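> I am sharing start.cif, which consists of mmCIF, C-alpha atoms:
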```cif
data_structure
#
loop_
_atom_site.label_atom_id
_atom_site.label_comp_id
_atom_site.auth_asym_id
_atom_site.auth_seq_id
_atom_site.Cartn_x
_atom_site.Cartn_y
_atom_site.Cartn_z
CA MET A 1 92.02 152.81 123.37
CA THR A 2 92.90 151.00 120.18
CA SER A 3 93.62 147.29 120.14
CA VAL A 4 95.97 145.34 117.94
CA LEU A 5 92.84 143.52 116.77
CA ASP A 6 91.67 146.76 115.14
CA THR A 7 93.94 145.85 112.23
CA LEU A 8 92.08 142.57 111.69
CA ASP A 9 89.65 143.60 108.97
CA ASN A 10 86.42 141.86 107.96
CA PHE A 11 87.06 138.71 109.96
CA GLU A 12 83.88 136.64 110.30
CA GLY A 13 85.26 133.63 112.15
CA ASP A 14 85.98 133.09 115.85
CA ILE A 15 88.49 135.17 117.81
CA VAL A 16 89.59 133.54 121.05
CA GLU A 17 91.67 135.53 123.57
CA PRO A 18 92.97 134.68 127.05
CA GLY A 19 90.10 134.71 129.50
CA ALA A 20 87.53 133.52 126.96
CA ALA A 21 85.41 130.51 127.90
CA ASP A 22 87.01 128.30 125.25
CA TYR A 23 90.56 129.64 125.50
CA GLU A 24 91.75 126.63 127.51
CA SER A 25 90.88 124.26 124.68
CA ALA A 26 91.86 126.70 121.93
CA ARG A 27 95.41 127.10 123.20
CA ARG A 28 96.01 123.35 123.19
CA ALA A 29 97.27 121.27 120.31
CA VAL A 30 97.23 117.49 120.55
CA LEU A 31 100.81 117.15 121.77
CA THR A 32 101.59 120.60 123.18
CA VAL A 33 100.02 123.41 125.17
CA GLY A 34 100.73 127.08 124.44
CA SER A 35 99.60 130.49 125.61
CA PRO A 36 98.91 132.42 122.39
CA ALA A 37 97.67 135.98 122.48
CA TYR A 38 94.98 135.16 119.90
CA VAL A 39 93.51 132.05 118.34
CA LEU A 40 91.66 132.77 115.11
CA ARG A 41 89.28 130.22 113.59
CA PRO A 42 88.58 131.38 110.04
CA ALA A 43 85.15 130.65 108.59
CA GLY A 44 86.40 130.81 105.01
CA VAL A 45 89.25 131.70 102.72
CA GLY A 46 88.59 135.42 103.13
CA ASP A 47 89.15 135.05 106.85
CA VAL A 48 92.42 133.23 106.26
CA ARG A 49 93.59 136.11 104.08
CA ALA A 50 92.65 138.59 106.81
CA ALA A 51 94.38 136.50 109.46
CA VAL A 52 97.60 136.21 107.46
CA ARG A 53 97.67 139.95 106.80
CA PHE A 54 97.01 140.59 110.48
CA ALA A 55 99.91 138.31 111.41
CA ALA A 56 102.22 140.12 109.00
CA SER A 57 101.25 143.60 110.21
CA SER A 58 101.24 142.78 113.93
CA GLY A 59 104.64 141.12 114.00
CA LEU A 60 103.27 138.38 116.23
CA PRO A 61 104.75 134.88 115.87
CA LEU A 62 102.43 132.79 113.72
CA ALA A 63 101.36 129.17 114.05
CA VAL A 64 99.02 127.41 111.65
CA ARG A 65 97.01 124.50 113.05
CA GLY A 66 95.40 121.74 111.03
CA GLY A 67 95.06 118.54 113.06
CA GLY A 68 97.42 119.77 115.78
CA HIS A 69 99.65 116.67 115.92
CA SER A 70 102.98 118.44 115.38
CA PHE A 71 105.61 116.82 117.60
CA PRO A 72 107.75 120.00 117.84
CA GLY A 73 104.70 122.09 118.82
CA PHE A 74 104.24 124.02 115.58
CA ALA A 75 100.44 124.08 116.11
CA THR A 76 100.51 126.57 118.98
CA ASN A 77 102.84 129.14 120.56
CA ASP A 78 103.31 131.54 123.44
CA GLY A 79 102.28 135.16 123.00
CA GLY A 80 101.63 134.89 119.28
CA LEU A 81 98.83 134.17 116.85
CA VAL A 82 97.37 130.78 115.99
CA ILE A 83 95.32 130.29 112.82
CA ASP A 84 93.15 127.27 113.58
CA LEU A 85 91.73 125.78 110.38
CA SER A 86 89.24 123.43 112.06
CA ARG A 87 86.22 125.19 110.47
CA LEU A 88 87.67 124.60 106.98
CA SER A 89 87.18 120.85 107.05
CA ALA A 90 84.74 119.97 104.28
CA VAL A 91 85.39 116.90 102.11
CA SER A 92 83.68 116.85 98.72
CA LEU A 93 83.91 114.66 95.64
CA GLY A 94 84.26 116.20 92.22
CA GLY A 95 84.14 114.39 88.92
CA GLY A 96 85.39 110.81 88.97
CA SER A 97 87.90 110.27 91.75
CA LEU A 98 88.85 113.92 92.36
CA VAL A 99 88.43 114.89 96.02
CA ARG A 100 88.59 118.40 97.50
CA VAL A 101 89.58 118.48 101.16
CA GLY A 102 89.56 121.50 103.44
CA GLY A 103 92.84 122.48 105.05
CA GLY A 104 91.49 121.73 108.53
CA ALA A 105 90.15 118.23 107.79
CA THR A 106 91.45 115.08 109.45
CA TRP A 107 92.20 111.79 107.74
CA GLY A 108 89.44 110.03 109.63
CA ALA A 109 86.88 112.43 108.16
CA VAL A 110 88.33 111.86 104.69
CA ALA A 111 88.19 108.08 105.05
CA ASP A 112 84.58 108.25 106.27
CA ALA A 113 83.54 110.50 103.39
CA LEU A 114 85.18 108.35 100.72
CA ASP A 115 84.29 104.89 102.01
CA PRO A 116 80.69 104.85 100.63
CA HIS A 117 82.15 105.57 97.19
CA GLY A 118 84.73 102.78 97.30
CA LEU A 119 87.58 105.30 97.37
CA ALA A 120 90.50 106.14 99.64
CA ILE A 121 93.61 108.31 99.62
CA SER A 122 97.01 106.99 100.66
CA SER A 123 97.48 108.70 104.00
CA GLY A 124 98.88 108.11 107.46
CA ASP A 125 97.59 105.66 110.04
CA THR A 126 95.78 107.91 112.55
CA ARG A 127 92.23 109.25 112.22
CA SER A 128 92.78 112.52 114.09
CA VAL A 129 95.92 113.57 112.20
CA GLY A 130 95.39 116.59 109.98
CA VAL A 131 95.42 116.28 106.22
CA GLY A 132 97.56 119.40 105.91
CA GLY A 133 100.51 118.62 108.16
CA LEU A 134 100.80 115.04 107.00
CA THR A 135 100.54 115.80 103.29
CA LEU A 136 102.83 118.81 103.17
CA SER A 137 105.74 116.81 104.64
CA GLY A 138 105.09 113.41 103.03
CA GLY A 139 102.38 111.03 104.20
CA ILE A 140 103.62 107.52 105.01
CA GLY A 141 100.82 105.12 105.85
CA TRP A 142 99.12 101.83 105.08
CA LYS A 143 98.79 102.34 101.31
CA VAL A 144 102.26 103.77 100.80
CA ARG A 145 103.85 100.86 98.91
CA LYS A 146 100.88 100.47 96.56
CA HIS A 147 99.90 104.10 95.98
CA GLY A 148 102.80 106.19 97.27
CA LEU A 149 102.87 109.05 99.74
CA ALA A 150 99.85 111.22 100.47
CA LEU A 151 101.56 114.03 98.57
CA ASP A 152 101.89 111.78 95.52
CA SER A 153 98.08 111.83 95.22
CA LEU A 154 97.94 115.63 95.43
CA VAL A 155 97.00 117.27 92.12
CA GLY A 156 96.30 120.82 93.23
CA ALA A 157 96.06 123.17 96.20
CA GLU A 158 94.54 126.51 97.16
CA VAL A 159 97.10 128.52 99.12
CA VAL A 160 97.04 131.84 100.97
CA THR A 161 100.57 133.18 100.75
CA ALA A 162 102.36 135.65 103.02
CA ASP A 163 101.02 138.76 101.29
CA GLY A 164 97.42 137.56 101.61
CA SER A 165 97.10 136.43 98.00
CA VAL A 166 95.06 133.34 97.15
CA LEU A 167 96.91 131.18 94.63
CA ARG A 168 96.19 127.92 92.92
CA ALA A 169 99.15 125.59 92.75
CA ASP A 170 99.26 122.61 90.41
CA ALA A 171 101.40 121.18 87.63
CA THR A 172 100.73 124.12 85.30
CA GLU A 173 99.71 127.03 87.55
CA ASN A 174 102.43 128.19 89.99
CA PRO A 175 104.32 124.93 89.44
CA SER A 176 107.29 125.97 91.62
CA LEU A 177 104.90 126.44 94.54
CA PHE A 178 103.25 123.10 93.81
CA TRP A 179 106.65 121.41 93.82
CA ALA A 180 107.55 123.06 97.14
CA LEU A 181 104.26 122.19 98.84
CA ARG A 182 104.83 118.49 98.19
CA GLY A 183 107.40 117.93 100.92
CA GLY A 184 108.33 121.48 101.96
CA GLY A 185 106.01 121.56 104.96
CA GLY A 186 104.24 124.72 106.07
CA ASN A 187 106.94 127.06 104.76
CA PHE A 188 104.98 128.61 101.90
CA GLY A 189 101.54 129.60 103.10
CA VAL A 190 98.26 128.37 104.50
CA VAL A 191 96.75 125.62 102.34
CA THR A 192 93.01 126.16 102.60
CA ALA A 193 92.08 123.29 100.27
CA PHE A 194 93.78 120.21 98.85
CA GLU A 195 92.75 118.40 95.68
CA PHE A 196 93.59 114.70 95.60
CA GLU A 197 93.20 111.93 93.07
CA ALA A 198 91.70 109.14 95.19
CA GLN A 199 92.27 105.45 94.57
CA PRO A 200 89.67 102.67 94.40
CA THR A 201 89.65 100.62 97.58
CA THR A 202 88.06 97.53 99.06
CA ALA A 203 88.05 96.03 102.51
CA VAL A 204 91.61 95.19 103.59
CA HIS A 205 93.39 92.53 105.61
CA HIS A 206 94.91 94.17 108.65
CA GLY A 207 96.28 93.10 112.00
CA LYS A 208 99.31 92.13 114.01
CA LEU A 209 101.68 89.17 114.15
CA SER A 210 103.76 88.89 117.31
CA PHE A 211 106.85 86.79 117.99
CA PRO A 212 109.05 86.22 121.07
CA ALA A 213 111.65 88.90 121.76
CA THR A 214 114.30 86.19 121.51
CA SER A 215 113.41 85.79 117.83
CA ALA A 216 113.94 89.48 117.05
CA ALA A 217 117.03 89.08 114.87
CA ALA A 218 115.59 86.27 112.73
CA VAL A 219 112.20 87.96 112.41
CA LEU A 220 113.46 91.40 111.46
CA GLN A 221 116.13 90.24 109.01
CA GLY A 222 113.75 87.76 107.38
CA TRP A 223 110.92 90.30 107.30
CA ALA A 224 113.06 92.99 105.66
CA THR A 225 114.45 90.57 103.09
CA TYR A 226 110.97 89.33 102.22
CA MET A 227 109.43 92.82 102.03
CA ARG A 228 111.99 93.82 99.41
CA GLY A 229 110.15 91.68 96.87
CA ALA A 230 106.74 91.36 98.53
CA PRO A 231 103.53 92.36 96.71
CA GLU A 232 103.13 96.12 96.87
CA GLU A 233 99.67 95.62 98.36
CA LEU A 234 101.51 94.65 101.57
CA THR A 235 102.78 97.35 103.92
CA ALA A 236 104.16 96.62 107.38
CA ILE A 237 105.52 98.19 110.55
CA ALA A 238 107.78 96.26 112.93
CA THR A 239 107.94 97.35 116.58
CA LEU A 240 110.51 96.55 119.27
CA ALA A 241 111.12 97.43 122.91
CA ASN A 242 107.57 98.55 123.56
CA PRO A 243 107.77 100.03 127.09
CA PHE A 244 104.12 99.12 127.73
CA ALA A 245 104.69 95.46 126.86
CA GLY A 246 107.91 94.63 128.68
CA GLY A 247 110.59 96.86 127.14
CA PRO A 248 113.51 94.60 126.22
CA ASP A 249 111.29 91.53 126.73
CA ALA A 250 108.40 92.87 124.68
CA PRO A 251 107.33 90.71 121.73
CA VAL A 252 108.49 91.66 118.26
CA GLU A 253 105.32 92.81 116.51
CA ILE A 254 104.71 93.06 112.78
CA HIS A 255 101.70 95.28 112.15
CA LEU A 256 100.59 94.88 108.56
CA MET A 257 97.95 95.61 105.97
CA PHE A 258 97.28 93.81 102.72
CA ASP A 259 95.44 96.26 100.48
CA GLY A 260 92.81 93.93 99.06
CA ASP A 261 89.88 91.75 100.08
CA ASP A 262 90.93 88.49 98.41
CA PRO A 263 91.73 86.07 101.28
CA SER A 264 93.85 83.81 99.11
CA ALA A 265 96.00 86.67 97.84
CA ALA A 266 96.32 88.05 101.38
CA ALA A 267 97.41 84.68 102.75
CA THR A 268 99.97 84.24 99.98
CA ALA A 269 101.43 87.66 100.80
CA ILE A 270 101.40 87.35 104.58
CA ASP A 271 102.24 83.66 105.19
CA PRO A 272 106.01 84.05 104.58
CA ILE A 273 106.10 86.46 107.54
CA ARG A 274 104.03 84.09 109.67
CA ARG A 275 106.66 81.40 109.12
CA LEU A 276 109.64 83.47 110.28
CA ALA A 277 109.42 82.23 113.90
CA PRO A 278 106.91 80.67 116.29
CA LEU A 279 103.89 82.96 116.47
CA LEU A 280 102.54 84.28 119.76
CA THR A 281 99.51 86.03 118.26
CA ASP A 282 97.94 86.50 114.84
CA ASP A 283 94.86 88.73 114.65
CA VAL A 284 94.89 89.65 110.94
CA THR A 285 91.30 89.99 109.76
CA LEU A 286 89.30 91.53 106.91
CA LYS A 287 87.98 94.98 107.81
CA PRO A 288 86.96 98.30 106.19
CA TYR A 289 89.94 100.50 105.35
CA GLY A 290 88.65 103.36 107.50
CA SER A 291 88.65 101.16 110.60
CA VAL A 292 92.39 100.54 110.16
CA LEU A 293 93.16 104.15 111.06
CA GLU A 294 93.78 104.44 114.81
CA ALA A 295 92.06 107.00 117.00
CA GLY A 296 95.32 108.56 118.16
CA MET A 297 96.07 109.69 121.68
CA THR A 298 96.53 112.88 123.64
CA PRO A 299 99.30 112.46 126.24
CA PRO A 300 98.27 113.06 129.86
CA PRO A 301 99.31 116.40 131.37
CA GLY A 302 103.02 116.50 132.09
CA ILE A 303 103.90 113.71 129.64
CA ARG A 304 106.16 114.64 126.74
CA LEU A 305 107.07 112.68 123.60
CA VAL A 306 110.54 112.84 122.08
CA THR A 307 110.57 111.38 118.58
CA ARG A 308 113.42 110.97 116.11
CA SER A 309 113.52 109.34 112.71
CA ALA A 310 115.90 108.31 109.97
CA PHE A 311 115.76 106.44 106.68
CA ILE A 312 117.63 103.25 105.85
CA ALA A 313 118.95 102.63 102.34
CA PRO A 314 118.81 99.08 100.91
CA ALA A 315 122.54 98.49 101.32
CA SER A 316 122.39 99.34 105.04
CA VAL A 317 119.31 97.36 106.05
CA SER A 318 121.06 94.31 107.49
CA ALA A 319 123.56 96.29 109.58
CA ALA A 320 120.93 98.76 110.78
CA LEU A 321 118.56 96.01 111.88
CA ALA A 322 121.33 94.22 113.75
CA HIS A 323 122.01 97.41 115.68
CA LEU A 324 118.32 97.92 116.42
CA VAL A 325 117.94 94.37 117.74
CA GLU A 326 120.98 94.80 119.98
CA ALA A 327 119.71 98.15 121.27
CA ALA A 328 116.21 96.78 121.93
CA ALA A 329 117.63 94.03 124.13
CA SER A 330 119.81 96.39 126.16
CA GLY A 331 117.07 97.75 128.39
CA LYS A 332 118.01 101.30 127.46
CA SER A 333 116.30 101.48 124.08
CA PRO A 334 113.55 103.88 123.08
CA PHE A 335 110.36 102.41 121.65
CA LEU A 336 111.29 101.44 118.08
CA ALA A 337 109.09 101.30 114.99
CA ILE A 338 110.45 100.33 111.57
CA ARG A 339 108.24 101.14 108.59
CA THR A 340 108.49 99.75 105.08
CA VAL A 341 108.62 102.31 102.28
CA GLY A 342 109.82 101.48 98.75
CA GLY A 343 107.28 100.33 96.18
CA ALA A 344 105.36 103.17 94.57
CA VAL A 345 107.35 105.75 96.56
CA SER A 346 110.61 104.71 94.95
CA ARG A 347 109.25 104.94 91.40
CA VAL A 348 109.01 108.74 91.64
CA ALA A 349 112.15 110.68 90.78
CA ASP A 350 114.06 112.12 93.74
CA ASP A 351 113.61 115.69 92.51
CA ALA A 352 110.01 115.40 91.29
CA THR A 353 108.78 116.74 94.63
CA ALA A 354 110.37 118.34 97.68
CA TYR A 355 110.27 114.96 99.45
CA PRO A 356 113.79 113.72 98.61
CA HIS A 357 114.01 110.31 100.31
CA ARG A 358 112.59 108.19 97.50
CA LYS A 359 115.19 105.44 97.49
CA ALA A 360 114.96 104.54 101.17
CA GLU A 361 113.75 101.04 101.95
CA LEU A 362 112.88 101.51 105.62
CA LEU A 363 112.09 104.32 108.04
CA VAL A 364 113.07 103.89 111.68
CA VAL A 365 111.24 105.93 114.33
CA ALA A 366 112.37 106.05 117.97
CA THR A 367 110.11 107.42 120.70
CA THR A 368 110.76 108.18 124.34
CA LEU A 369 107.93 109.46 126.51
CA GLY A 370 107.45 110.54 130.09
CA PRO A 371 107.65 113.58 132.35
CA ASP A 372 110.60 115.93 131.93
CA PRO A 373 112.84 114.16 134.52
CA VAL A 374 112.37 110.84 132.73
CA ILE A 375 113.14 112.43 129.37
CA ALA A 376 116.26 114.09 130.80
CA ALA A 377 117.48 110.84 132.31
CA ALA A 378 116.92 108.94 129.04
CA THR A 379 118.52 111.53 126.76
CA PRO A 380 122.18 110.40 127.05
CA ALA A 381 121.26 106.83 126.10
CA LEU A 382 119.04 108.09 123.28
CA ASN A 383 121.87 110.24 121.91
CA ALA A 384 124.28 107.32 122.11
CA PHE A 385 121.78 105.08 120.33
CA TRP A 386 121.47 107.51 117.41
CA HIS A 387 125.23 108.03 117.27
CA ARG A 388 125.78 104.29 116.81
CA LEU A 389 122.94 104.00 114.29
CA ALA A 390 124.05 107.02 112.23
CA PRO A 391 126.50 105.17 109.91
CA HIS A 392 123.60 103.01 108.71
CA THR A 393 120.98 105.74 108.16
CA MET A 394 120.34 108.84 106.09
CA GLY A 395 118.10 111.89 106.33
CA ALA A 396 115.00 112.23 108.47
CA TYR A 397 111.23 112.32 108.08
CA ALA A 398 109.82 115.65 109.24
CA ASN A 399 106.54 114.20 110.50
CA PHE A 400 108.41 112.07 113.05
CA LEU A 401 110.73 114.66 114.55
CA SER A 402 110.08 116.42 117.85
CA SER A 403 112.80 119.00 117.29
CA SER A 404 113.53 121.50 114.54
CA THR A 405 117.20 122.38 114.83
CA GLU A 406 119.36 123.27 111.84
CA VAL A 407 120.69 119.70 111.97
CA ASP A 408 117.12 118.42 111.72
CA VAL A 409 116.32 120.70 108.78
CA ALA A 410 119.48 119.58 106.98
CA ALA A 411 118.46 115.95 107.49
CA VAL A 412 114.95 116.55 106.15
CA TYR A 413 116.15 118.58 103.16
CA PRO A 414 119.49 117.66 101.57
CA PRO A 415 121.41 120.54 99.93
CA ASN A 416 119.89 120.46 96.43
CA THR A 417 116.36 120.23 97.80
CA TYR A 418 117.01 122.97 100.35
CA ARG A 419 118.39 125.36 97.73
CA ARG A 420 115.36 124.89 95.51
CA LEU A 421 113.01 125.34 98.47
CA ALA A 422 114.85 128.49 99.55
CA THR A 423 114.34 129.97 96.08
CA ALA A 424 110.61 129.26 96.31
CA LYS A 425 110.56 130.67 99.83
CA ARG A 426 112.04 133.93 98.61
CA GLN A 427 109.28 134.19 96.02
CA TYR A 428 106.30 133.29 98.20
CA ASP A 429 107.38 134.21 101.74
CA PRO A 430 110.38 136.57 101.57
CA SER A 431 109.94 137.80 105.16
CA ASN A 432 109.69 134.25 106.56
CA LEU A 433 106.27 134.83 108.09
CA PHE A 434 105.71 131.07 108.03
CA ALA A 435 108.64 130.14 110.23
CA ALA A 436 106.97 127.72 112.66
CA ASN A 437 108.02 124.57 110.83
CA HIS A 438 111.20 122.82 109.79
CA ASN A 439 112.12 126.18 108.49
CA VAL A 440 113.64 126.98 105.13
CA ARG A 441 114.97 130.51 105.12
CA PRO A 442 114.47 132.69 102.02
CA GLN A 443 117.53 132.43 99.83
#
```
Before we go any further, please render this structure as structure tokens.

Amino acid sequence: MTSVLDTLDNFEGDIVEPGAADYESARRAVLTVGSPAYVLRPAGVGDVRAAVRFAASSGLPLAVRGGGHSFPGFATNDGGLVIDLSRLSAVSLGGGSLVRVGGGATWGAVADALDPHGLAISSGDTRSVGVGGLTLSGGIGWKVRKHGLALDSLVGAEVVTADGSVLRADATENPSLFWALRGGGGNFGVVTAFEFEAQPTTAVHHGKLSFPATSAAAVLQGWATYMRGAPEELTAIATLANPFAGGPDAPVEIHLMFDGDDPSAAATAIDPIRRLAPLLTDDVTLKPYGSVLEAGMTPPPGIRLVTRSAFIAPASVSAALAHLVEAAASGKSPFLAIRTVGGAVSRVADDATAYPHRKAELLVVATTLGPDPVIAAATPALNAFWHRLAPHTMGAYANFLSSSTEVDVAAVYPPNTYRRLATAKRQYDPSNLFAANHNVRPQ
């Protein structure tokens, strides 16, 4: 009897099927659990080509897994095929500050590899997050205001496209693909290697300032006003309504990093925030950049995360923050995080990459978590919260969305960006093989 696997030619990596000893772990991503028919772990680029061709010929739904942190569950599926890139995770330095990173590497591994050389790449804030998923949709982290998004450091990529071809994408070779990869998510192929221009780094000043919940309005408005002209070495995240710290009574926390080891410069940059209200805690210390990245968490069985995001333009900051403070005090608010963007991100033209939200000043992320009944009970209040916030926001950040509806896709990619991505999709994936993402359909 023939098997569908008979069409998988010359595959030297691991093939995991239901019933195998490691299937239970292979079917799991960090945030979701699936029941795929096959999990393939390629050992090299040739295996990725074979896996992609197998997916195309079999008609099975395809998921591509890097770090596995996709909120909507793009890193696994039910009854389909998962290409798990975890064996393609090497990090190597080329000449100067050029770094080649395998498509299955995590940012913690990259930070560890670069630290002895005094280098880093602007990335996210979690060690276990995959380089691929974060970079392809943006990359907002602790170095974002000084060095831009993760995708802004990308200078080239090796991509296996839907027909099994291996292409190089950079500013001169397949430039339309290179443009699309920088913000277009996983729509265009499997990136087996990324090439980044790393930045020199030192130890950094990192930690948390916390203030009473009753000071939320003064702290947030003063913080946002100050950050507009703050040194670009300073990046910060404000959090409100933390359900693990008291919900509406939880302290207002400003998590921050000053990208430099000079204590005087760090104090000059941070002290204006310290003076916004009486401090409850201040644990900012000098530490290696790699230690700033958090370990990340895997939710316990039965716990689901619902995450939404939106950008705030400069003109809307004051009104948006007032709404967020009011919501946080209501007792019905999701957990709120407000991230500073601007700086180096805003100096790139809106259409230079497929990440179109360059002029935003802040990014607000709302998270609700719990078992399904808790999520269902919280959903009406969450929808009402977003409805009231909508006049003060724009767009959405794909890496902080747990859904992938047409409304979500339209928020991630405004019309001009979407049309250009759809043209690239028609060229590189006309049959929409790579559909498990915030999907752009071939034009």
> Which residue gives the smallest distance to Ser309 in chain A among A:Gly141, A:Gly148, A:Gly342, A:Pro334, with only C-alpha atoms counted?
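Counting only C-alpha atoms, the residue closest to Ser309 in chain A is A:Pro334.
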> Here is a test: counting all atoms listed in the file, which residue of A:Ala217, A:Leu149, A:Leu209, A:Val52 is nearest to Val166 in chain A?
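When distances to Val166 in chain A are compared using all atoms listed in the file, the smallest one comes from A:Val52.
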> Would you kindly translate the PyMOL selection byres ((chain A and resi 406) around 12) into the concrete residues it picks from this file, as an mmCIF file with C-alpha atoms, in the coordinates of the input?

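File produced: result_33.cif:
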```
data_model
loop_
_atom_site.group_PDB
_atom_site.id
_atom_site.type_symbol
_atom_site.label_atom_id
_atom_site.label_comp_id
_atom_site.auth_asym_id
_atom_site.auth_seq_id
_atom_site.Cartn_x
_atom_site.Cartn_y
_atom_site.Cartn_z
ATOM 1 C CA SER A 403 112.800 119.000 117.290
ATOM 2 C CA SER A 404 113.530 121.500 114.540
ATOM 3 C CA THR A 405 117.200 122.380 114.830
ATOM 4 C CA VAL A 407 120.690 119.700 111.970
ATOM 5 C CA ASP A 408 117.120 118.420 111.720
ATOM 6 C CA VAL A 409 116.320 120.700 108.780
ATOM 7 C CA ALA A 410 119.480 119.580 106.980
ATOM 8 C CA ALA A 411 118.460 115.950 107.490
ATOM 9 C CA VAL A 412 114.950 116.550 106.150
ATOM 10 C CA TYR A 413 116.150 118.580 103.160
ATOM 11 C CA PRO A 414 119.490 117.660 101.570
ATOM 12 C CA TYR A 418 117.010 122.970 100.350
ATOM 13 C CA ASN A 437 108.020 124.570 110.830
ATOM 14 C CA HIS A 438 111.200 122.820 109.790
ATOM 15 C CA ASN A 439 112.120 126.180 108.490
ATOM 16 C CA VAL A 440 113.640 126.980 105.130
ATOM 17 C CA ARG A 441 114.970 130.510 105.120
#
```
> Is it possible to get the residues within 6 Å of (95.1, 121.5, 96.4) (coordinates as in the file, counting all atoms listed in the file) written as number ranges by chain?
A: 156-158, 193-195
> Go ahead and dump the residues you just picked, C-alpha atoms, as a PDB file, in the frame of the given file.

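In the end it all went to out_14.pdb:
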```pdb
ATOM      1  CA  GLY A 156      96.300 120.820  93.230  1.00  0.00           C
ATOM      2  CA  ALA A 157      96.060 123.170  96.200  1.00  0.00           C
ATOM      3  CA  GLU A 158      94.540 126.510  97.160  1.00  0.00           C
ATOM      4  CA  ALA A 193      92.080 123.290 100.270  1.00  0.00           C
ATOM      5  CA  PHE A 194      93.780 120.210  98.850  1.00  0.00           C
ATOM      6  CA  GLU A 195      92.750 118.400  95.680  1.00  0.00           C
TER       7      GLU A 195
END
```
> For Asp163 in chain A, which of A:Ala266, A:Ala55, A:Leu98, A:Val4 is the closest residue, counting only C-alpha atoms?
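Selected residue with least distance to Asp163 in chain A: A:Ala55.
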> One decimal, Å: what's the distance from CA of Val30 in chain A over to CA of Val144 in chain A, could you say?
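A separation of 24.6 Å between them.
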> So, with all atoms listed in the file as the atoms that count, which of A:Gly207, A:Gly331, A:Gly104, A:Pro380 lies closest to Leu85 in chain A?
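Of A:Gly207, A:Gly331, A:Gly104, A:Pro380, the one nearest Leu85 in chain A is A:Gly104, counting all atoms listed in the file.
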> What's the 7 Å shell around range 326-330 of chain A, counting all atoms listed in the file, without same-chain residues fewer than 4 positions away, as a list in words?
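Skipping anything fewer than 4 positions along the chain leaves Leu240, Ala241, Pro248 and Ala322 of chain A.
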> Any chance you could tabulate, as a Markdown table, the residues of range 160-265 of chain A at most 10 Å from range 130-139 of chain A with each one's nearest atom pair and distance in Å to one decimal, using only C-alpha atoms, in chain and rising number order?

```
| residue | atom | partner | partner_atom | distance |
| --- | --- | --- | --- | --- |
| A:Ala180 | CA | A:Leu136 | CA | 8.8 |
| A:Leu181 | CA | A:Leu136 | CA | 5.7 |
| A:Arg182 | CA | A:Leu136 | CA | 5.4 |
| A:Gly183 | CA | A:Ser137 | CA | 4.2 |
| A:Gly184 | CA | A:Ser137 | CA | 6.0 |
| A:Gly185 | CA | A:Leu136 | CA | 4.6 |
| A:Gly186 | CA | A:Leu136 | CA | 6.7 |
| A:Asn187 | CA | A:Leu136 | CA | 9.4 |
| A:Val190 | CA | A:Gly132 | CA | 9.1 |
| A:Val191 | CA | A:Gly132 | CA | 7.2 |
| A:Thr192 | CA | A:Gly132 | CA | 8.8 |
| A:Ala193 | CA | A:Gly132 | CA | 8.8 |
| A:Phe194 | CA | A:Gly132 | CA | 8.0 |
```
> Here is a test: counting all atoms listed in the file, which residue of A:Ala51, A:Val129, A:Val374, A:Val39 is nearest to Gly302 in chain A?
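Ranked by minimum distance to Gly302 in chain A, first place goes to A:Val374.
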> Once 5 Å is added on each side, what are the centre and the three edge lengths, in Å to one decimal, of the axis-aligned box enclosing the listed atoms of range 11-20 of chain A? Present them as lines of an AutoDock Vina configuration file.

```
center_x = 88.4
center_y = 135.9
center_z = 119.7
size_x = 19.1
size_y = 15.6
size_z = 29.5
```
